[in-house]
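Asks: Have a peek at input09.tsv (TSV, C-alpha atoms and all ligand atoms).
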```tsv
chain	number	residue	atom	x	y	z
A	1	MET	CA	0.00	0.00	0.00
A	2	PRO	CA	1.49	3.34	-0.98
A	3	LYS	CA	2.10	5.79	1.80
A	4	THR	CA	0.40	9.12	1.58
A	5	LYS	CA	1.23	12.45	3.03
A	6	LYS	CA	-0.79	15.58	3.63
A	7	ILE	CA	0.36	18.58	1.70
A	8	THR	CA	-1.08	22.06	1.90
A	9	CYS	CA	-3.09	22.85	-1.18
A	10	THR	CA	-1.08	25.13	-3.40
A	11	LYS	CA	-4.15	26.57	-5.12
A	12	CYS	CA	-5.80	27.98	-1.99
A	13	PHE	CA	-2.77	27.90	0.33
A	14	GLY	CA	-4.62	25.74	2.81
A	15	LYS	CA	-7.69	27.96	3.10
A	16	GLY	CA	-10.00	25.69	1.13
A	17	HIS	CA	-11.53	28.70	-0.59
A	18	ILE	CA	-10.38	30.99	-3.32
A	19	ARG	CA	-11.79	34.47	-3.13
A	20	ALA	CA	-11.35	35.06	-6.85
A	21	PHE	CA	-13.68	32.13	-7.54
A	22	SER	CA	-16.39	33.08	-5.06
A	23	HIS	CA	-18.83	33.24	-7.98
A	24	VAL	CA	-18.21	29.54	-8.70
A	25	GLN	CA	-19.63	27.14	-6.13
A	26	GLY	CA	-19.09	29.66	-3.36
A	27	GLY	CA	-15.38	29.82	-3.99
A	28	VAL	CA	-14.67	26.31	-2.80
A	29	CYS	CA	-11.21	25.40	-3.99
A	30	PHE	CA	-11.60	22.95	-6.84
A	31	SER	CA	-8.16	21.54	-6.30
A	32	CYS	CA	-8.71	20.25	-2.76
A	33	ALA	CA	-12.53	20.40	-2.65
A	34	GLY	CA	-12.38	22.82	0.25
A	35	ALA	CA	-10.23	20.69	2.49
A	36	GLY	CA	-7.20	22.95	2.29
A	37	TYR	CA	-4.89	20.04	1.77
A	38	ARG	CA	-4.38	17.14	-0.55
A	39	MET	CA	-3.12	13.66	0.03
A	40	VAL	CA	-0.22	12.74	-2.17
A	41	SER	CA	1.51	9.44	-2.36
A	42	VAL	CA	5.08	9.46	-1.24
A	43	SER	CA	7.31	6.81	-2.62
A	44	HIS	CA	9.97	5.83	-0.19
A	45	LYS	CA	11.29	3.21	-2.49
A	46	PRO	CA	14.41	1.78	-0.99
A	47	SER	CA	17.54	1.72	-3.09
A	48	ILE	CA	18.33	-1.66	-4.49
A	49	LEU	CA	21.36	-2.96	-6.26
A	50	PHE	CA	21.34	-2.93	-10.04
A	51	ALA	CA	23.82	-4.73	-12.22
A	52	ILE	CA	24.74	-2.62	-15.22
A	53	GLU	CA	25.02	-5.06	-18.09
A	54	VAL	CA	26.85	-4.05	-21.22
A	55	THR	CA	27.88	-5.65	-24.46
A	56	CYS	CA	31.57	-6.21	-24.99
A	57	VAL	CA	32.79	-4.61	-28.22
A	58	SER	CA	36.42	-5.66	-28.35
A	59	SER	CA	38.31	-8.70	-27.24
A	60	ASP	CA	41.45	-6.60	-26.97
A	61	GLY	CA	42.47	-7.31	-23.40
A	62	CYS	CA	38.87	-7.94	-22.56
A	63	SER	CA	37.71	-10.81	-20.42
A	64	LEU	CA	34.70	-11.26	-22.69
A	65	GLU	CA	34.25	-11.97	-26.38
A	66	PRO	CA	32.74	-9.27	-28.59
A	67	GLY	CA	28.99	-9.51	-28.39
A	68	GLN	CA	29.03	-11.13	-24.98
A	69	ARG	CA	27.16	-9.47	-22.18
A	70	GLY	CA	28.89	-8.69	-18.95
A	71	VAL	CA	28.36	-6.66	-15.80
A	72	ALA	CA	30.32	-3.43	-15.81
A	73	TYR	CA	29.11	-2.00	-12.53
A	74	ASN	CA	26.89	-2.69	-9.60
A	75	ILE	CA	25.04	0.45	-8.67
A	76	LYS	CA	22.59	1.24	-5.92
A	77	ALA	CA	19.56	3.14	-7.13
A	78	ARG	CA	15.81	3.31	-6.71
A	79	THR	CA	14.95	2.71	-10.36
A	80	ALA	CA	16.63	1.19	-13.38
A	81	ALA	CA	16.66	4.59	-15.06
A	82	GLU	CA	18.42	6.13	-12.08
A	83	ALA	CA	20.96	3.32	-12.05
A	84	LEU	CA	21.72	3.89	-15.72
A	85	ARG	CA	22.05	7.62	-15.16
A	86	LYS	CA	24.51	7.04	-12.33
A	87	ALA	CA	26.43	4.49	-14.38
A	88	LYS	CA	26.75	6.85	-17.33
A	89	GLY	CA	28.15	9.51	-15.03
A	90	LYS	CA	30.77	7.01	-13.89
A	91	TRP	CA	32.00	5.78	-17.21
A	92	LEU	CA	32.43	9.15	-18.87
A	93	GLY	CA	36.06	9.19	-19.87
A	94	ALA	CA	36.58	5.63	-18.71
A	95	ARG	CA	35.20	3.27	-21.28
A	96	CYS	CA	37.02	0.33	-19.93
A	97	TYR	CA	36.16	-1.16	-16.60
A	98	PRO	CA	38.74	-3.76	-15.52
A	99	ASN	CA	39.24	-5.73	-18.72
A	100	LEU	CA	35.87	-4.93	-20.19
A	101	TRP	CA	35.48	-2.85	-23.32
A	102	PHE	CA	31.87	-2.03	-23.82
A	103	ASP	CA	29.42	-0.02	-25.80
A	104	PRO	CA	27.73	2.43	-23.40
A	105	ALA	CA	24.63	2.42	-25.64
A	106	SER	CA	24.17	-1.26	-24.87
A	107	ALA	CA	23.92	-0.68	-21.14
A	108	GLU	CA	20.97	-2.11	-19.30
A	109	ALA	CA	20.22	-1.96	-15.59
A	110	VAL	CA	19.14	-5.30	-14.20
A	111	PRO	CA	17.99	-5.54	-10.58
A	112	SER	CA	20.27	-7.91	-8.70
A	113	THR	CA	18.51	-10.25	-6.39
B	201	ZN	ZN	-7.30	24.11	-2.16
```
Could you express the structure from this file as structure tokens?

Replies:
Amino acid sequence: MPKTKKITCTKCFGKGHIRAFSHVQGGVCFSCAGAGYRMVSVSHKPSILFAIEVTCVSSDGCSLEPGQRGVAYNIKARTAAEALRKAKGKWLGARCYPNLWFDPASAEAVPST
């Protein structure tokens, strides 16, 4: 079940009414239905470990054969997209992780279990 949190309505600033709309339904804020706050879901997704899999592009000193998939990094992140983003920040300027030449475009974040 997703957690929710109370946030002050940004349309009426917690008043539940908007004076400028007093001609519409008595000015009840349409964003929070007069409550002055809204419940929003907060995702406290824990970080998990993702294996960043890449395709080897050169056997030159590489531990893999071209075309083989290997794990370049293990990165903690909340989502696969975040893991990829972090990984790409890491391998800028360093295309070779210990004995692994890879094509950054082939990278895929796979949750490690
Ligand atoms: Zn409101």

Asks: May I ask for the distance between CA of Val40 in chain A and CA of Lys15 in chain A, given in Å to one decimal place?

Replies: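 Answer for the CA of Val40 in chain A to CA of Lys15 in chain A separation: 17.8 Å.
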
Asks: With all atoms listed in the file as the counted atoms, please give the residues lying no more than 12 Å from range 74-87 of chain A, apart from itself and same-chain residues fewer than 4 positions off, as a PDB file with C-alpha atoms, keeping the file's coordinate frame.

Replies:
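The resulting file, result_24.pdb, is reproduced below:
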```pdb
ATOM      1  CA  SER A  43       7.310   6.810  -2.620  1.00  0.00           C
ATOM      2  CA  HIS A  44       9.970   5.830  -0.190  1.00  0.00           C
ATOM      3  CA  LYS A  45      11.290   3.210  -2.490  1.00  0.00           C
ATOM      4  CA  PRO A  46      14.410   1.780  -0.990  1.00  0.00           C
ATOM      5  CA  SER A  47      17.540   1.720  -3.090  1.00  0.00           C
ATOM      6  CA  ILE A  48      18.330  -1.660  -4.490  1.00  0.00           C
ATOM      7  CA  LEU A  49      21.360  -2.960  -6.260  1.00  0.00           C
ATOM      8  CA  PHE A  50      21.340  -2.930 -10.040  1.00  0.00           C
ATOM      9  CA  ALA A  51      23.820  -4.730 -12.220  1.00  0.00           C
ATOM     10  CA  ILE A  52      24.740  -2.620 -15.220  1.00  0.00           C
ATOM     11  CA  GLU A  53      25.020  -5.060 -18.090  1.00  0.00           C
ATOM     12  CA  VAL A  54      26.850  -4.050 -21.220  1.00  0.00           C
ATOM     13  CA  GLY A  70      28.890  -8.690 -18.950  1.00  0.00           C
ATOM     14  CA  TRP A  91      32.000   5.780 -17.210  1.00  0.00           C
ATOM     15  CA  LEU A  92      32.430   9.150 -18.870  1.00  0.00           C
ATOM     16  CA  ALA A  94      36.580   5.630 -18.710  1.00  0.00           C
ATOM     17  CA  ARG A  95      35.200   3.270 -21.280  1.00  0.00           C
ATOM     18  CA  TYR A  97      36.160  -1.160 -16.600  1.00  0.00           C
ATOM     19  CA  PRO A 104      27.730   2.430 -23.400  1.00  0.00           C
ATOM     20  CA  ALA A 105      24.630   2.420 -25.640  1.00  0.00           C
ATOM     21  CA  SER A 106      24.170  -1.260 -24.870  1.00  0.00           C
ATOM     22  CA  ALA A 107      23.920  -0.680 -21.140  1.00  0.00           C
ATOM     23  CA  GLU A 108      20.970  -2.110 -19.300  1.00  0.00           C
ATOM     24  CA  ALA A 109      20.220  -1.960 -15.590  1.00  0.00           C
ATOM     25  CA  VAL A 110      19.140  -5.300 -14.200  1.00  0.00           C
ATOM     26  CA  PRO A 111      17.990  -5.540 -10.580  1.00  0.00           C
ATOM     27  CA  SER A 112      20.270  -7.910  -8.700  1.00  0.00           C
ATOM     28  CA  THR A 113      18.510 -10.250  -6.390  1.00  0.00           C
TER      29      THR A 113
END
```

Asks: Counting only C-alpha atoms and all ligand atoms, what residues are within 10 Å of ligand ZN 201 (chain B), given as a PyMOL selection string?

Replies: chain A and resi 8-18+28-38

Asks: Provide the CA of Thr4 in chain A to CA of Gly27 in chain A distance in Å, to one decimal place.

Replies: 26.6 Å

Asks: Quick one: distance from CA of Cys56 in chain A to CA of Lys90 in chain A in Å, one decimal?

Replies: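 CA of Cys56 in chain A sits 17.3 Å away from CA of Lys90 in chain A.
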